[in-house]
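Report on one structure; see the data block that follows.
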Amino acid sequence: MSDTIARPPFDPELEAVLAVLGDQLPPSITPEMIPLLRQASPVAVDVDDVLAEAGVTRRDVTIPGHEGADIPVTVLARADHTGRGPGIFHTHGGGMIIGDRFVGLGQILPWIVEHDAVAVTVEYRLAPEFPDPYPVEDCYAGLVWTAEHADELGIDPERLVIAGASAGGGLAAGTALLARDRRGPRLAGQVLIYPMLDDRDLTVSTTQIDGVGVWDRVSNVTGWSALLGDRRATDDVSIYAAPARATDLSGLPPAFIDCGSAEVFRDEDVAYATALWHAGVQAELHVWPGGFHGFDLMAPHTAIAQAMTAARNAWVARVLGA
Amino acid sequence: MQELVGRLTALDPEASETLKVVSYFDALVAAGVGLDGLLRAAATLAGAVAGAERDGRISRRDPGGGRPAEDADAPRSAERRVPHGSAWIERAGAPHANDAMIVERLALAIELIEARRSPESGLDVVIDASRPVGERDTALARLRIDPAARIRIVAMGVDAPVPEAPSTVVPTPYGILRAVLDTAERASHAAAPADLTGGVRAGLGTWVRADRAPESWDAALVALRLTGPEAAVVDAADLGVLLLLARSHDPASPPEDVRALARLDPRSAEALRALVEADSIRSAATELGMHHSTLQARHEALTRELGYDPRTATGRARYVAAALLLRLGAPPPASAG
């Protein structure tokens, strides 16, 4: 469990945050902790307060998910939104096992406010109760619904991007692959925030982040095992569940990828950006030195989190604001 | 962090979460974070702009971590002095429960990073066992102290008023503490250390040659951890051979004699203390307001529990040593502010 192999040090400000949050937020999440984690989200905020403060309205809609089952989505738009603006389809994080569609709200809220964008955030069903392909198929169903209702939602279908963090980043990448292969909705971009892409547990970064930081190797295996069961790390895993397995990334929308240098997902995220470039797809990649997983959510006041958020928002501004 | 912040705004300053403020600043300092990061931390915890002025230069950060617009009239609350300036929180209206403590920790952290950077400060070098003796001698020279001079180091909590004597704040395994230099020269003028410690809890280190100051600091840390309600100031010199014992003690893995004492309930602990200190079981019983034969039975039970008879000469020595080590393992008395 101890970090006996060398790893990049944590950023000093982030290290201090880890020192005080360590007891509330164990690095290693094991399957038996899932029920408890679902009860208490570590970043609990009152959604409606946050929305009201930002001047954003909320509309909950039930839509057909995978196999037609009812799933909720929430449509978020500025209170003064009129006509057609850019669209954001959001897939939340939580390791495939926890969280709801409002996790990561703070990451997309500035885009709604700044660019008068309309966001749809989807309540995909969680593993292990709903293993693969439920999560990614629910997300795809939500994307299709969003594109089909673009007019009524006030979304310009030419300016629709998909965005998600962590497991949500993996689901966003998988959904983008599904959209390409099924000739589904056209996406103007994919914002993959420290995405969870690879079930195989073979990278150097996963061995470096074991028993330290946030969402370590043990947690990651917990998440993927919940999603894939015995199929994890076998040949029987689709590229939509684990986009790192895709060998052909051509024809995908331009991507923005960011992560920390001290997190499990570092190597798979860098590899995905590289694979996109190899396939002739535009991609912007940021690896923030000393960042642990999700540090912009947990320590938004730190210098490095501010830099991460600024770079990400600048990319989104170039894509949505155009 | 967000959850911590949310709970802090209305928190009772005595609540355990306030310890997190202390440990957060300690961790920031230990990680080597600069003024900018310290201000962002203070602003985030307070939910208000935090500022500092040093040598006339003002730095301010808002709770989101950004730079607030310039505002010359911004109210400064809980303002506290730091070397070459001050630190504060900008809160219009009533201060929140933790404002004073947040600024206190901010100010201490600023003083600490200042001490690290500033070339004229040298006491931290003088007491640092990891520095080569040549480096410590150079630092002593800057303090105008001969390496052969008799000195001792005093350890105090950082909430104490800053003494006249040369001092510095340093991170220790027991939190951030203040180290104060005491010289034989000063002690000859004023025998009592009270004017140095200002009546707050303090641990006095052993008298040593100035070039062996780390030894005295180490002893002062032991002495400070032995302070308590009954003894605000403990002098390591009074510990004699017990200091050797205390220095070799690792609170993380206490020996069985210490664990045995720690297991006792308060009533048994009190009975044991009386049994050790009283001349006879009869006088111990009187002191405790207990019947002689009841205490007799308690004595026998305690002898079984401890594995030794606390009324024999060896048993008394074991008890005294174990009680001392038990106090060393207790939470630090003075660092919580």
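Residue numbering restarts at 1 in every chain; chains get A, B, ... in the order shown in the structure tokens, and ligands count up from 1 in that same order.
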Can you pull out every residue within 12 Å of range 59-69 of chain B, counting only C-alpha atoms, but drop anything in the same chain fewer than 2 positions away, and send it as a short mmCIF file (atom, residue, chain, number, x, y, z; two decimals) with C-alpha atoms, in the first residue's frame?
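Everything below was put into out_8.cif:
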data_model
loop_
_atom_site.label_atom_id
_atom_site.label_comp_id
_atom_site.auth_asym_id
_atom_site.auth_seq_id
_atom_site.Cartn_x
_atom_site.Cartn_y
_atom_site.Cartn_z
CA GLU A 13 -0.50 23.51 -1.93
CA ASP A 296 -9.65 21.44 -9.31
CA LEU A 297 -12.80 20.25 -7.52
CA ALA A 299 -8.83 22.54 -3.99
CA PRO A 300 -10.19 25.15 -6.40
CA HIS A 301 -8.41 27.99 -4.58
CA THR A 302 -4.90 26.70 -5.29
CA ALA A 303 -2.69 28.30 -7.92
CA ILE A 304 -2.48 25.14 -9.98
CA ALA A 305 -6.24 24.58 -9.94
CA GLN A 306 -6.76 28.14 -11.12
CA ALA A 307 -4.34 27.53 -13.98
CA THR A 309 -9.51 25.82 -14.92
CA ALA A 310 -8.33 28.84 -16.91
CA GLN B 2 -15.22 22.65 0.32
CA VAL B 5 -14.86 25.38 4.49
CA GLY B 34 4.79 30.81 -0.21
CA LEU B 35 2.82 33.90 0.81
CA ASP B 36 0.47 33.67 -2.15
CA GLY B 37 -0.64 30.16 -1.25
CA LEU B 38 -0.98 31.04 2.43
CA LEU B 39 -3.25 33.96 1.62
CA ARG B 40 -5.39 31.80 -0.69
CA ALA B 41 -5.70 29.23 2.09
CA ALA B 42 -6.75 31.85 4.64
CA ALA B 43 -9.25 33.42 2.23
CA THR B 44 -10.77 30.05 1.38
CA LEU B 45 -11.12 29.04 5.01
CA ALA B 46 -12.55 32.41 6.02
CA GLY B 47 -14.75 32.84 2.97
CA ALA B 48 -13.46 36.40 2.75
CA VAL B 49 -10.54 38.27 1.23
CA ALA B 50 -7.29 37.70 3.12
CA GLY B 51 -4.46 40.18 2.96
CA ALA B 52 -0.96 40.84 4.17
CA GLU B 53 1.28 43.86 4.13
CA ARG B 54 5.04 43.48 4.28
CA ASP B 55 7.43 46.39 3.96
CA GLY B 56 4.56 48.46 2.56
CA ARG B 57 3.66 45.93 -0.14
CA ASP B 71 -9.91 48.56 -2.49
CA ALA B 72 -8.06 50.97 -0.25
CA ASP B 73 -11.05 51.23 2.10
CA ALA B 74 -11.53 47.49 2.60
CA ARG B 76 -9.32 44.91 7.97
CA GLY B 85 3.87 44.34 8.49
CA SER B 86 0.57 42.68 9.28
CA ALA B 87 -2.01 40.15 8.08
CA TRP B 88 -5.79 40.37 8.13
CA ILE B 89 -9.17 39.26 6.82
CA GLU B 90 -11.48 41.71 5.08
CA ARG B 91 -14.90 41.15 6.54
#
Exercise. So which residues of range 208-251 of chain A fall under alpha helix (DSSP H) by DSSP, listed as a VMD selection string?
Worked result: chain A and resid 208 217 to 228
Filtering to N, CA and C atoms, could you give me those residues as a PDB file, in the first residue's frame?
ATOM      1  N   GLN A 208       2.306   3.931  -9.725  1.00  0.00           N
ATOM      2  CA  GLN A 208       2.861   5.014  -8.902  1.00  0.00           C
ATOM      3  C   GLN A 208       1.858   5.533  -7.874  1.00  0.00           C
ATOM      4  N   ARG A 217      -4.888   3.391  -7.377  1.00  0.00           N
ATOM      5  CA  ARG A 217      -4.992   2.162  -8.160  1.00  0.00           C
ATOM      6  C   ARG A 217      -6.101   1.241  -7.641  1.00  0.00           C
ATOM      7  N   VAL A 218      -6.164   1.092  -6.322  1.00  0.00           N
ATOM      8  CA  VAL A 218      -7.174   0.204  -5.725  1.00  0.00           C
ATOM      9  C   VAL A 218      -8.582   0.709  -6.076  1.00  0.00           C
ATOM     10  N   SER A 219      -8.796   2.017  -5.933  1.00  0.00           N
ATOM     11  CA  SER A 219     -10.101   2.608  -6.256  1.00  0.00           C
ATOM     12  C   SER A 219     -10.431   2.362  -7.716  1.00  0.00           C
ATOM     13  N   ASN A 220      -9.429   2.524  -8.570  1.00  0.00           N
ATOM     14  CA  ASN A 220      -9.649   2.389 -10.001  1.00  0.00           C
ATOM     15  C   ASN A 220     -10.047   0.965 -10.372  1.00  0.00           C
ATOM     16  N   VAL A 221      -9.386   0.009  -9.751  1.00  0.00           N
ATOM     17  CA  VAL A 221      -9.748  -1.390  -9.998  1.00  0.00           C
ATOM     18  C   VAL A 221     -11.161  -1.652  -9.466  1.00  0.00           C
ATOM     19  N   THR A 222     -11.500  -1.029  -8.337  1.00  0.00           N
ATOM     20  CA  THR A 222     -12.860  -1.152  -7.789  1.00  0.00           C
ATOM     21  C   THR A 222     -13.892  -0.651  -8.802  1.00  0.00           C
ATOM     22  N   GLY A 223     -13.627   0.524  -9.371  1.00  0.00           N
ATOM     23  CA  GLY A 223     -14.560   1.113 -10.333  1.00  0.00           C
ATOM     24  C   GLY A 223     -14.713   0.256 -11.585  1.00  0.00           C
ATOM     25  N   TRP A 224     -13.591  -0.124 -12.160  1.00  0.00           N
ATOM     26  CA  TRP A 224     -13.663  -0.920 -13.395  1.00  0.00           C
ATOM     27  C   TRP A 224     -14.265  -2.301 -13.143  1.00  0.00           C
ATOM     28  N   SER A 225     -13.970  -2.886 -11.994  1.00  0.00           N
ATOM     29  CA  SER A 225     -14.529  -4.214 -11.698  1.00  0.00           C
ATOM     30  C   SER A 225     -16.031  -4.131 -11.518  1.00  0.00           C
ATOM     31  N   ALA A 226     -16.498  -3.021 -10.940  1.00  0.00           N
ATOM     32  CA  ALA A 226     -17.944  -2.835 -10.805  1.00  0.00           C
ATOM     33  C   ALA A 226     -18.585  -2.725 -12.187  1.00  0.00           C
ATOM     34  N   LEU A 227     -17.916  -2.037 -13.090  1.00  0.00           N
ATOM     35  CA  LEU A 227     -18.479  -1.814 -14.424  1.00  0.00           C
ATOM     36  C   LEU A 227     -18.422  -3.077 -15.278  1.00  0.00           C
ATOM     37  N   LEU A 228     -17.295  -3.790 -15.204  1.00  0.00           N
ATOM     38  CA  LEU A 228     -17.046  -4.874 -16.171  1.00  0.00           C
ATOM     39  C   LEU A 228     -17.099  -6.267 -15.562  1.00  0.00           C
TER      40      LEU A 228
END
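Each of A:Ala179, A:Val75, A:Met33, A:Leu14 was checked against Gly260 in chain A using only C-alpha atoms; the smallest atom-to-atom distance is that of A:Leu14.
DSSP annotation of range 122-257 of chain A from backbone atoms: strand (DSSP E) residues are Val122, Ile155, Asp156, Pro157, Glu158, Arg159, Leu160, Val161, Ile162, Ala163, Gly164, Ala165, Gly189, Gln190, Val191, Leu192, Ile193, Ala255, Phe256 and Ile257 of chain A.
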Selected residues, N, CA and C atoms, written as an mmCIF file, in the first residue's frame, please.
data_model
loop_
_atom_site.group_PDB
_atom_site.id
_atom_site.type_symbol
_atom_site.label_atom_id
_atom_site.label_comp_id
_atom_site.auth_asym_id
_atom_site.auth_seq_id
_atom_site.Cartn_x
_atom_site.Cartn_y
_atom_site.Cartn_z
ATOM 1 N N VAL A 122 -26.832 14.158 -17.626
ATOM 2 C CA VAL A 122 -27.592 12.904 -17.670
ATOM 3 C C VAL A 122 -27.349 12.056 -16.424
ATOM 4 N N ILE A 155 -30.641 24.976 -28.431
ATOM 5 C CA ILE A 155 -29.250 24.605 -28.721
ATOM 6 C C ILE A 155 -29.010 24.652 -30.226
ATOM 7 N N ASP A 156 -27.893 25.254 -30.603
ATOM 8 C CA ASP A 156 -27.444 25.225 -31.989
ATOM 9 C C ASP A 156 -26.729 23.892 -32.212
ATOM 10 N N PRO A 157 -27.298 22.964 -33.002
ATOM 11 C CA PRO A 157 -26.722 21.616 -33.113
ATOM 12 C C PRO A 157 -25.303 21.608 -33.700
ATOM 13 N N GLU A 158 -24.920 22.679 -34.345
ATOM 14 C CA GLU A 158 -23.556 22.758 -34.882
ATOM 15 C C GLU A 158 -22.535 23.067 -33.796
ATOM 16 N N ARG A 159 -23.020 23.486 -32.653
ATOM 17 C CA ARG A 159 -22.105 23.872 -31.567
ATOM 18 C C ARG A 159 -22.382 23.060 -30.296
ATOM 19 N N LEU A 160 -22.573 21.766 -30.481
ATOM 20 C CA LEU A 160 -22.819 20.884 -29.334
ATOM 21 C C LEU A 160 -21.523 20.143 -28.964
ATOM 22 N N VAL A 161 -21.094 20.301 -27.707
ATOM 23 C CA VAL A 161 -19.905 19.571 -27.241
ATOM 24 C C VAL A 161 -20.320 18.603 -26.138
ATOM 25 N N ILE A 162 -19.484 17.561 -25.966
ATOM 26 C CA ILE A 162 -19.702 16.634 -24.857
ATOM 27 C C ILE A 162 -18.594 16.867 -23.846
ATOM 28 N N ALA A 163 -18.943 16.799 -22.567
ATOM 29 C CA ALA A 163 -17.947 17.079 -21.528
ATOM 30 C C ALA A 163 -18.196 16.195 -20.323
ATOM 31 N N GLY A 164 -17.116 15.757 -19.700
ATOM 32 C CA GLY A 164 -17.235 14.978 -18.476
ATOM 33 C C GLY A 164 -15.893 14.859 -17.802
ATOM 34 N N ALA A 165 -15.939 14.590 -16.489
ATOM 35 C CA ALA A 165 -14.706 14.463 -15.722
ATOM 36 C C ALA A 165 -14.602 13.065 -15.136
ATOM 37 N N GLY A 189 -16.940 19.124 -30.220
ATOM 38 C CA GLY A 189 -15.762 18.949 -29.384
ATOM 39 C C GLY A 189 -16.033 17.983 -28.251
ATOM 40 N N GLN A 190 -14.967 17.457 -27.666
ATOM 41 C CA GLN A 190 -15.103 16.594 -26.490
ATOM 42 C C GLN A 190 -14.131 17.093 -25.423
ATOM 43 N N VAL A 191 -14.708 17.439 -24.270
ATOM 44 C CA VAL A 191 -13.894 17.918 -23.149
ATOM 45 C C VAL A 191 -13.714 16.744 -22.193
ATOM 46 N N LEU A 192 -12.518 16.186 -22.207
ATOM 47 C CA LEU A 192 -12.249 14.999 -21.400
ATOM 48 C C LEU A 192 -11.372 15.416 -20.218
ATOM 49 N N ILE A 193 -12.024 15.621 -19.086
ATOM 50 C CA ILE A 193 -11.350 16.109 -17.889
ATOM 51 C C ILE A 193 -10.842 14.902 -17.104
ATOM 52 N N ALA A 255 -10.513 17.333 -29.373
ATOM 53 C CA ALA A 255 -10.564 16.970 -27.958
ATOM 54 C C ALA A 255 -9.744 17.919 -27.108
ATOM 55 N N PHE A 256 -10.226 18.136 -25.905
ATOM 56 C CA PHE A 256 -9.440 18.793 -24.865
ATOM 57 C C PHE A 256 -9.261 17.766 -23.755
ATOM 58 N N ILE A 257 -8.007 17.522 -23.347
ATOM 59 C CA ILE A 257 -7.732 16.549 -22.285
ATOM 60 C C ILE A 257 -6.822 17.202 -21.259
#
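For Arg182 in chain A, the residues within 12 Å (counting only C-alpha atoms, excluding itself and residues fewer than 6 positions away along the chain) are Tyr140, Ala141, Val144, Thr175, Ala176 and Tyr240 of chain A.
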For this session: Provide as a PyMOL selection string the residues of chain A at most 6 Å from chain B, counting only C-alpha atoms.
Result: chain A and resi 12+16+20+298+301
Exercise. Taking into account only C-alpha atoms, which residue in the set B:Asp124, B:Glu300, B:Glu277, B:Asp250 is nearest to Pro166 in chain B?
Worked result: B:Asp124
Contact residues around Ala273 in chain A with only C-alpha atoms at 12 Å, ignoring same-chain residues under 6 positions, as a short mmCIF file (atom, residue, chain, number, x, y, z; two decimals) with C-alpha atoms, in the first residue's frame:
data_model
loop_
_atom_site.label_atom_id
_atom_site.label_comp_id
_atom_site.auth_asym_id
_atom_site.auth_seq_id
_atom_site.Cartn_x
_atom_site.Cartn_y
_atom_site.Cartn_z
CA ALA A 173 -15.03 9.62 -24.89
CA GLN A 190 -15.10 16.59 -26.49
CA VAL A 191 -13.89 17.92 -23.15
CA LEU A 192 -12.25 15.00 -21.40
CA ILE A 193 -11.35 16.11 -17.89
CA TYR A 194 -8.89 13.63 -16.36
CA PRO A 195 -10.81 10.86 -18.12
CA LEU A 197 -10.22 5.36 -20.12
CA PRO A 243 -11.88 4.01 -25.00
CA ALA A 244 -8.15 3.40 -24.38
CA LEU A 249 -9.61 7.29 -33.36
CA LEU A 252 -13.62 11.99 -33.75
CA PRO A 254 -11.49 17.84 -31.51
CA ALA A 255 -10.56 16.97 -27.96
CA PHE A 256 -9.44 18.79 -24.87
CA ILE A 257 -7.73 16.55 -22.29
CA ASP A 258 -6.26 17.53 -18.94
CA CYS A 259 -4.99 15.62 -15.91
CA ARG A 266 -2.01 10.39 -16.35
CA ASP A 267 -0.54 7.81 -18.72
CA ALA A 279 -5.33 9.58 -36.17
CA GLY A 280 -5.26 13.15 -37.45
CA VAL A 281 -7.66 14.50 -34.83
CA GLN A 282 -7.01 17.84 -33.17
CA ALA A 283 -6.34 17.64 -29.44
CA GLU A 284 -5.08 19.88 -26.68
CA LEU A 285 -3.39 18.19 -23.73
CA HIS A 286 -2.43 19.59 -20.34
CA VAL A 287 -0.64 17.60 -17.65
#
Exercise. Near Arg245 in chain A, counting only C-alpha atoms, which residues have an atom at most 12 Å away, once you skip same-chain residues fewer than 3 positions from it, shown as a PyMOL selection string?
Worked result: chain A and resi 170+173-174+177+196-200+233-242+248-249+268+271-272+275
Those selected residues, please, written with C-alpha atoms and delivered as an mmCIF file, in the first residue's frame.
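Saved to out.cif:
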data_model
loop_
_atom_site.group_PDB
_atom_site.id
_atom_site.type_symbol
_atom_site.label_atom_id
_atom_site.label_comp_id
_atom_site.auth_asym_id
_atom_site.auth_seq_id
_atom_site.Cartn_x
_atom_site.Cartn_y
_atom_site.Cartn_z
ATOM 1 C CA GLY A 170 -14.354 8.119 -20.034
ATOM 2 C CA ALA A 173 -15.035 9.623 -24.885
ATOM 3 C CA GLY A 174 -17.026 6.372 -25.215
ATOM 4 C CA LEU A 177 -17.005 6.889 -30.237
ATOM 5 C CA MET A 196 -10.970 7.247 -16.920
ATOM 6 C CA LEU A 197 -10.220 5.360 -20.120
ATOM 7 C CA ASP A 198 -8.345 2.140 -19.458
ATOM 8 C CA ASP A 199 -9.543 -0.909 -17.494
ATOM 9 C CA ARG A 200 -6.310 -2.870 -17.866
ATOM 10 C CA ALA A 233 -8.712 -6.596 -18.301
ATOM 11 C CA THR A 234 -9.818 -9.399 -20.653
ATOM 12 C CA ASP A 235 -10.281 -9.224 -24.436
ATOM 13 C CA ASP A 236 -14.037 -8.999 -23.908
ATOM 14 C CA VAL A 237 -14.213 -5.217 -23.322
ATOM 15 C CA SER A 238 -15.592 -2.795 -25.897
ATOM 16 C CA ILE A 239 -13.906 0.411 -26.992
ATOM 17 C CA TYR A 240 -17.032 2.254 -25.808
ATOM 18 C CA ALA A 241 -16.571 0.999 -22.229
ATOM 19 C CA ALA A 242 -12.792 1.550 -22.230
ATOM 20 C CA ASP A 248 -8.840 3.823 -34.657
ATOM 21 C CA LEU A 249 -9.610 7.288 -33.355
ATOM 22 C CA GLU A 268 -3.822 6.706 -20.321
ATOM 23 C CA ALA A 271 -1.757 8.115 -24.593
ATOM 24 C CA TYR A 272 -5.292 9.000 -25.712
ATOM 25 C CA ALA A 275 -3.557 8.422 -30.345
#
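Shell of range 62-66 of chain A at 12 Å, with only C-alpha atoms counted and residues fewer than 6 places along the chain excluded, is Pro72, Val73, Thr74, Val75, Val120, Thr121, Val122, Glu123, Tyr124, Arg125, Phe130, Pro131, Asp132, Pro133, Tyr134, Pro135, Val136, Glu137, Asp138, Cys139, Tyr140, Ala141, Gly142, Leu143, Val144, Trp145, Thr146, Glu148 and His149 of chain A.
Remark: for Ala314 in chain A, the closest of the candidate residues A:Thr82, A:Ile88, A:His115, A:Arg7 is A:His115 (distances computed over only C-alpha atoms).
Counting only C-alpha atoms and comparing A:Gly55, A:Pro185, A:Gly290, A:Gly94, the residue that lies closest to Trp215 in chain A is A:Gly94.
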Exercise. Can you tell me, as a ChimeraX atom specification, what residues are no more than 12 Å from Ala220 in chain B when counting only C-alpha atoms, ignoring any on the same chain fewer than 6 positions away?
Worked result: /B:127,152-157,172,177-182,201-208,213-214,226-227,233-239,243,246-247
